[in-house]
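Note sheet for the following structure.
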Amino acid sequence: MNESTAAPVMNFASLGLAAEVLAGIRDAGFTQCTPIQSRTLPIALTGADVAGQAQTGTGKTAAFLVALYQTLLTRAPLPGHASTSIRALIVAPTRELAVQIHHDAETLGRHTGLRHAVVYGGIDYDKQRRTLEAGIDVLIGTPGRLIDYYKQHVFDLKHTQTLVLDEADRMFDLGFIADIRYLLRRLPPPQRRQSMLFSATLSYRVLELAYEHMNNPELVRIEPDKKTVAGVRQIMYYPAMEEKIPLLIGLLRQNEARRTMIFVNTKRMAERLEATLRANDFHAQALSGDVPQAKRLRFLRDFHNGDLAVLIATDVASRGLHIPEVSHVFNFDLPQDAADYVHRIGRTARAGAQGDAISFACEEYAVGLPDIEQYIGHKIPSAPITPDMLATGLTAAQPGPERRRPPRRGQTHSAQRSGAARPPSRRAGGKPRRSR
DNA sequence: AAAAAAC
């Protein structure tokens with residue numbers, strides 16, 4: 001893999017782009033390229049493969065979208081192109097990110113005459129299908145729903161000219177890799193298409209995995225030793241378990257933060273924290289994979305519009321989402337994965353803005369802290385917790401109706417496979433057990 | 001280790 005080192009600062013007008021693409025760039029309000037755009041566009045516009053790493057909020061999405069539109073406008077569809085053929089495929093790891101990319105694509109591609117669609121699970125099955133059946137050039141989606149429609153021959157990938165994997169390192173994670181390989185195997189071979197990979201955290205391990213699906217890609221890394229942006233003020237507290245909630249609420253009250261994201265490590269914790277914050281008069285909603293899709297989209301839209309002050313989230317919201325004016329990001333639970341720390345705090349201080357990232361390291365997850373600090377290349381400054389910071393007189397969350405949870409997948413499978421002892425329907429005695 | 005991702 002070649003690694004690009006030149007660092008010219010480009011202007012969009014100097015890239016020789018088609019008028020239709022420039023018009024979209026103008027609509028989006030862009031004139032000067034960001035570093036990642038300056039370095040990847042000259043490569044990508046030749047049709048070459050590129051893997052791009054740059055800090056959160058520095059314009060990676062526009063980099064691949066501009067390249068993609070220019071390619072589609074200036075290169076003819078591949079021979080045999082049919083009405084069901086997709087010319088460009090963009091895959092993202094979460095539904096909300098797919099929606100956001102689609103939104104950006106509609107702006108940047110508005111004048112190209114190309115047809116866009118986004119497909120993702122949990123909503124609008126027949127509607128999305130009908131959109132695809134009408135004929136689409138640029139298809140954005142999450143793996144599951146894409147494969148679902150693909151298997152039903154709603155579209156084909158035989159003539160796809162451009163592939164983009166956004167948050168590429170995530171897409172090569174264990175949970176996604178099988179689906180990604182499924183899609184990649186159905187595209188033209190690497191030599192006959194353009195492949196682009198982007199993320200703020202591209203490890204060489206991931207690049208190695210990706211390499212077999214790419215054609216002599218150029219690697220572009222912007223300040224690879226500086227994983228986090230300068231505009232984020234990072235701070236670490238070391239609360240005891242029972243201090244976490246009083247500390248969080250104390251800080252929320254004193255911050256008068258208008259737009260705050262609070263990350264937790266589990267769906268259950270998202271739910272519990274939502275109940276606790278609401279019981280204490282915060283306008284908060286929890287976003288996780290357990291939340292119905294329509295609500296997920298509504299919470300995010302409300303948060304975006306400023307109608308929701310506090311968004312509690314699992315890592316479903318840690319990557320790619322661009323919400324202007326997020327003032328504070330809390331890691332109520334320290335993430336287990338160092339890259340996730342970078343992505344989470346990257347929800348604030350985007351596009352040159354400032355923001356605060358406040359993390360709690362307590363016994364449960366503090367073991368991951370050395371990894372995180374090594375990964376970002378510096379210690380995270382810590383501050384002592386003084387009694388006045390802890391909120392008092394808090395209301396306990398209403399327990400509410402016991403919510404029925406589907407059994408965890410792993411347990412189900414192993415139970416089935418081993419023909420396990422537990423009777424299928426009713427547990428032997430007593431009330432339903434709530435784990436932990 | 002959890003989370004995400006199809007019906």
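Residues are named by chain letter and number: chains run A, B, ... in the order of the structure tokens, numbers start at 1 in each chain, and ligands are numbered from 1 in the order shown.
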Could you give me the residues within stretch 195-381 of chain A that DSSP places in strand (DSSP E or B), as a PyMOL selection string? chain A and resi 195-199+218-221+232-237+260-263+284-287+310-313+328-331+355-360
Saved selection, atoms kept: C-alpha atoms, as a PDB file, in the first residue's frame:
ATOM      1  CA  SER A 195     -13.086   1.254  -3.471  1.00  0.00           C
ATOM      2  CA  MET A 196     -12.858   3.879  -0.765  1.00  0.00           C
ATOM      3  CA  LEU A 197     -12.478   3.309   2.967  1.00  0.00           C
ATOM      4  CA  PHE A 198     -12.787   5.981   5.595  1.00  0.00           C
ATOM      5  CA  SER A 199     -12.593   6.222   9.381  1.00  0.00           C
ATOM      6  CA  GLU A 218      -3.319   4.768  -1.526  1.00  0.00           C
ATOM      7  CA  LEU A 219      -3.317   5.298   2.228  1.00  0.00           C
ATOM      8  CA  VAL A 220      -3.903   8.829   3.447  1.00  0.00           C
ATOM      9  CA  ARG A 221      -3.568   9.549   7.145  1.00  0.00           C
ATOM     10  CA  VAL A 232     -12.177  18.857  22.876  1.00  0.00           C
ATOM     11  CA  ARG A 233     -11.332  19.502  26.503  1.00  0.00           C
ATOM     12  CA  GLN A 234     -10.976  16.076  28.028  1.00  0.00           C
ATOM     13  CA  ILE A 235     -11.303  15.382  31.716  1.00  0.00           C
ATOM     14  CA  MET A 236     -11.455  12.249  33.834  1.00  0.00           C
ATOM     15  CA  TYR A 237     -13.171  11.703  37.170  1.00  0.00           C
ATOM     16  CA  THR A 260     -25.318  16.819  25.975  1.00  0.00           C
ATOM     17  CA  MET A 261     -24.646  13.241  24.909  1.00  0.00           C
ATOM     18  CA  ILE A 262     -24.153  10.651  27.621  1.00  0.00           C
ATOM     19  CA  PHE A 263     -22.603   7.374  26.532  1.00  0.00           C
ATOM     20  CA  ALA A 284     -33.604  13.050  28.444  1.00  0.00           C
ATOM     21  CA  GLN A 285     -34.182  10.190  26.035  1.00  0.00           C
ATOM     22  CA  ALA A 286     -32.231   6.994  25.550  1.00  0.00           C
ATOM     23  CA  LEU A 287     -31.079   5.825  22.144  1.00  0.00           C
ATOM     24  CA  VAL A 310     -29.887  15.257  26.839  1.00  0.00           C
ATOM     25  CA  LEU A 311     -29.378  12.184  24.716  1.00  0.00           C
ATOM     26  CA  ILE A 312     -28.289   9.002  26.452  1.00  0.00           C
ATOM     27  CA  ALA A 313     -26.810   6.529  24.023  1.00  0.00           C
ATOM     28  CA  HIS A 328     -20.729  18.100  26.266  1.00  0.00           C
ATOM     29  CA  VAL A 329     -20.058  14.409  25.842  1.00  0.00           C
ATOM     30  CA  PHE A 330     -20.088  12.244  28.940  1.00  0.00           C
ATOM     31  CA  ASN A 331     -18.635   8.784  29.136  1.00  0.00           C
ATOM     32  CA  GLY A 355     -16.550  21.006  23.404  1.00  0.00           C
ATOM     33  CA  ASP A 356     -16.109  19.140  26.662  1.00  0.00           C
ATOM     34  CA  ALA A 357     -15.594  15.412  27.061  1.00  0.00           C
ATOM     35  CA  ILE A 358     -16.106  14.257  30.632  1.00  0.00           C
ATOM     36  CA  SER A 359     -15.378  10.651  31.480  1.00  0.00           C
ATOM     37  CA  PHE A 360     -16.015   8.565  34.564  1.00  0.00           C
TER      38      PHE A 360
END
Considering only C-alpha atoms (C1' of nucleotides), return as a PyMOL selection string whatever protein or nucleic-acid residues lie within 12 Å of stretch 2-7 of chain B, sequence-local ones (same chain, fewer than 4 positions apart) excluded.
-> chain A and resi 91-97+119-123+125-126+141-151+170-171+173-180+263-269+288-290+313-319+333+335-337+340+408
Margin query: Neighbouring residues of A:His343 were defined as those with any atom within 10 Å, considering only C-alpha atoms (C1' of nucleotides); residues of the same chain fewer than 4 positions away were excluded. Please report them as a list in words.
Written below: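 My reading of the contact set: Gln55, Thr56, Gly57, Glu167, Ser199, Ala200, Thr201, Lys227, Thr228, Asp315, Ala317, Ser318, Arg319, Gly320, Leu321, Ala338, Ala339, Arg347 and Thr348 of chain A.
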### Query
Looking at A:Val164, A:Val291, A:Leu184, A:Val229, which one is nearest to A:Ala351, with distances taken over only C-alpha atoms?
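Residue with the minimum atom-to-atom distance to A:Ala351: A:Val229.
Of note, atom CA of A:Ala397 and atom CA of A:Ile323 are spaced 28.5 Å apart.
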*Extract the full set of helix (DSSP H, G or I) residues from stretch 153-347 of chain A according to DSSP on the backbone, and format it as number ranges by chain.*
A: 168-171, 174-185, 190-192, 204-211, 241-255, 267-279, 293-305, 315-317, 338-345
Q. Mind pulling up the distance from atom CA of A:Gln398 to atom CA of A:Pro246?
A.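 One can read the atom CA of A:Pro246 to atom CA of A:Gln398 distance as 16.8 Å.
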Give me the residues within 12 Å of A:Ala105 as an MDAnalysis selection string, counting only C-alpha atoms (C1' of nucleotides) and dropping any in the same chain fewer than 3 places off.
chainID A and resid 21 24:25 27:28 61:69 88 90 98:102 108:118 137:140
A:Thr386 surroundings by only C-alpha atoms (C1' of nucleotides), 12 Å radius, close-in-sequence under 4 positions cut, as a ChimeraX atom specification: /A:237-239,243,246-247,250-251,390-391
Restricted to all heavy atoms, what would the selected residues look like written as a compact mmCIF listing (two decimals), in the first residue's frame?
# COMPACT_ATOMS: atom_id res chain seq x y z
N TYR A 237 -12.86 11.79 35.74
CA TYR A 237 -13.17 11.70 37.17
C TYR A 237 -13.11 10.24 37.58
O TYR A 237 -13.34 9.35 36.78
CB TYR A 237 -14.58 12.25 37.46
CG TYR A 237 -14.70 13.74 37.28
CD1 TYR A 237 -15.37 14.26 36.18
CD2 TYR A 237 -14.15 14.63 38.21
CE1 TYR A 237 -15.50 15.63 36.00
CE2 TYR A 237 -14.27 16.00 38.04
CZ TYR A 237 -14.95 16.50 36.94
OH TYR A 237 -15.07 17.85 36.76
N TYR A 238 -12.82 10.04 38.85
CA TYR A 238 -12.74 8.68 39.38
C TYR A 238 -13.78 8.48 40.47
O TYR A 238 -13.45 8.38 41.65
CB TYR A 238 -11.33 8.41 39.93
CG TYR A 238 -10.26 8.40 38.84
CD1 TYR A 238 -9.68 9.59 38.40
CD2 TYR A 238 -9.86 7.20 38.25
CE1 TYR A 238 -8.72 9.59 37.41
CE2 TYR A 238 -8.89 7.19 37.25
CZ TYR A 238 -8.32 8.39 36.84
OH TYR A 238 -7.38 8.38 35.85
N PRO A 239 -15.05 8.42 40.11
CA PRO A 239 -16.09 8.27 41.14
C PRO A 239 -16.21 6.83 41.62
O PRO A 239 -15.90 5.89 40.88
CB PRO A 239 -17.37 8.67 40.39
CG PRO A 239 -17.08 8.31 38.97
CD PRO A 239 -15.61 8.46 38.76
N GLU A 243 -21.30 7.03 43.42
CA GLU A 243 -21.18 8.47 43.17
C GLU A 243 -21.48 8.83 41.72
O GLU A 243 -21.58 10.01 41.38
CB GLU A 243 -19.76 8.94 43.51
CG GLU A 243 -19.44 8.95 44.99
CD GLU A 243 -17.99 9.31 45.26
OE1 GLU A 243 -17.12 8.99 44.42
OE2 GLU A 243 -17.73 9.93 46.30
N PRO A 246 -24.99 10.81 41.27
CA PRO A 246 -24.93 12.16 41.86
C PRO A 246 -23.91 13.07 41.15
O PRO A 246 -24.17 14.26 40.96
CB PRO A 246 -24.49 11.89 43.31
CG PRO A 246 -24.93 10.49 43.58
CD PRO A 246 -24.82 9.75 42.29
N LEU A 247 -22.80 12.51 40.74
CA LEU A 247 -21.80 13.33 40.04
C LEU A 247 -22.32 13.77 38.68
O LEU A 247 -22.20 14.94 38.30
CB LEU A 247 -20.50 12.54 39.89
CG LEU A 247 -19.37 13.27 39.15
CD1 LEU A 247 -18.97 14.55 39.89
CD2 LEU A 247 -18.14 12.35 38.98
N GLY A 250 -24.99 16.35 39.25
CA GLY A 250 -24.36 17.56 39.74
C GLY A 250 -23.69 18.34 38.62
O GLY A 250 -23.84 19.56 38.50
N LEU A 251 -22.96 17.63 37.78
CA LEU A 251 -22.27 18.29 36.67
C LEU A 251 -23.26 18.82 35.63
O LEU A 251 -23.10 19.92 35.09
CB LEU A 251 -21.27 17.33 36.01
CG LEU A 251 -20.05 16.95 36.85
CD1 LEU A 251 -19.25 15.83 36.19
CD2 LEU A 251 -19.16 18.18 37.08
N LEU A 390 -21.49 16.75 44.03
CA LEU A 390 -22.44 15.64 44.02
C LEU A 390 -23.85 16.16 44.33
O LEU A 390 -24.07 16.79 45.35
CB LEU A 390 -22.03 14.60 45.07
CG LEU A 390 -20.62 14.01 44.89
CD1 LEU A 390 -20.26 13.10 46.07
CD2 LEU A 390 -20.51 13.24 43.58
N ALA A 391 -24.76 15.87 43.43
CA ALA A 391 -26.15 16.29 43.64
C ALA A 391 -26.74 15.53 44.81
O ALA A 391 -26.46 14.34 45.01
CB ALA A 391 -26.95 16.05 42.38
One decimal place gives the atom CA of A:Leu15-atom CA of A:Gln161 separation as 20.8 Å
I'd like the contact shell of A:Pro370 - 10 Å cut-off, only C-alpha atoms (C1' of nucleotides), skipping same-chain residues fewer than 5 positions apart - returned as number ranges by chain.
A: 338, 375, 378-380
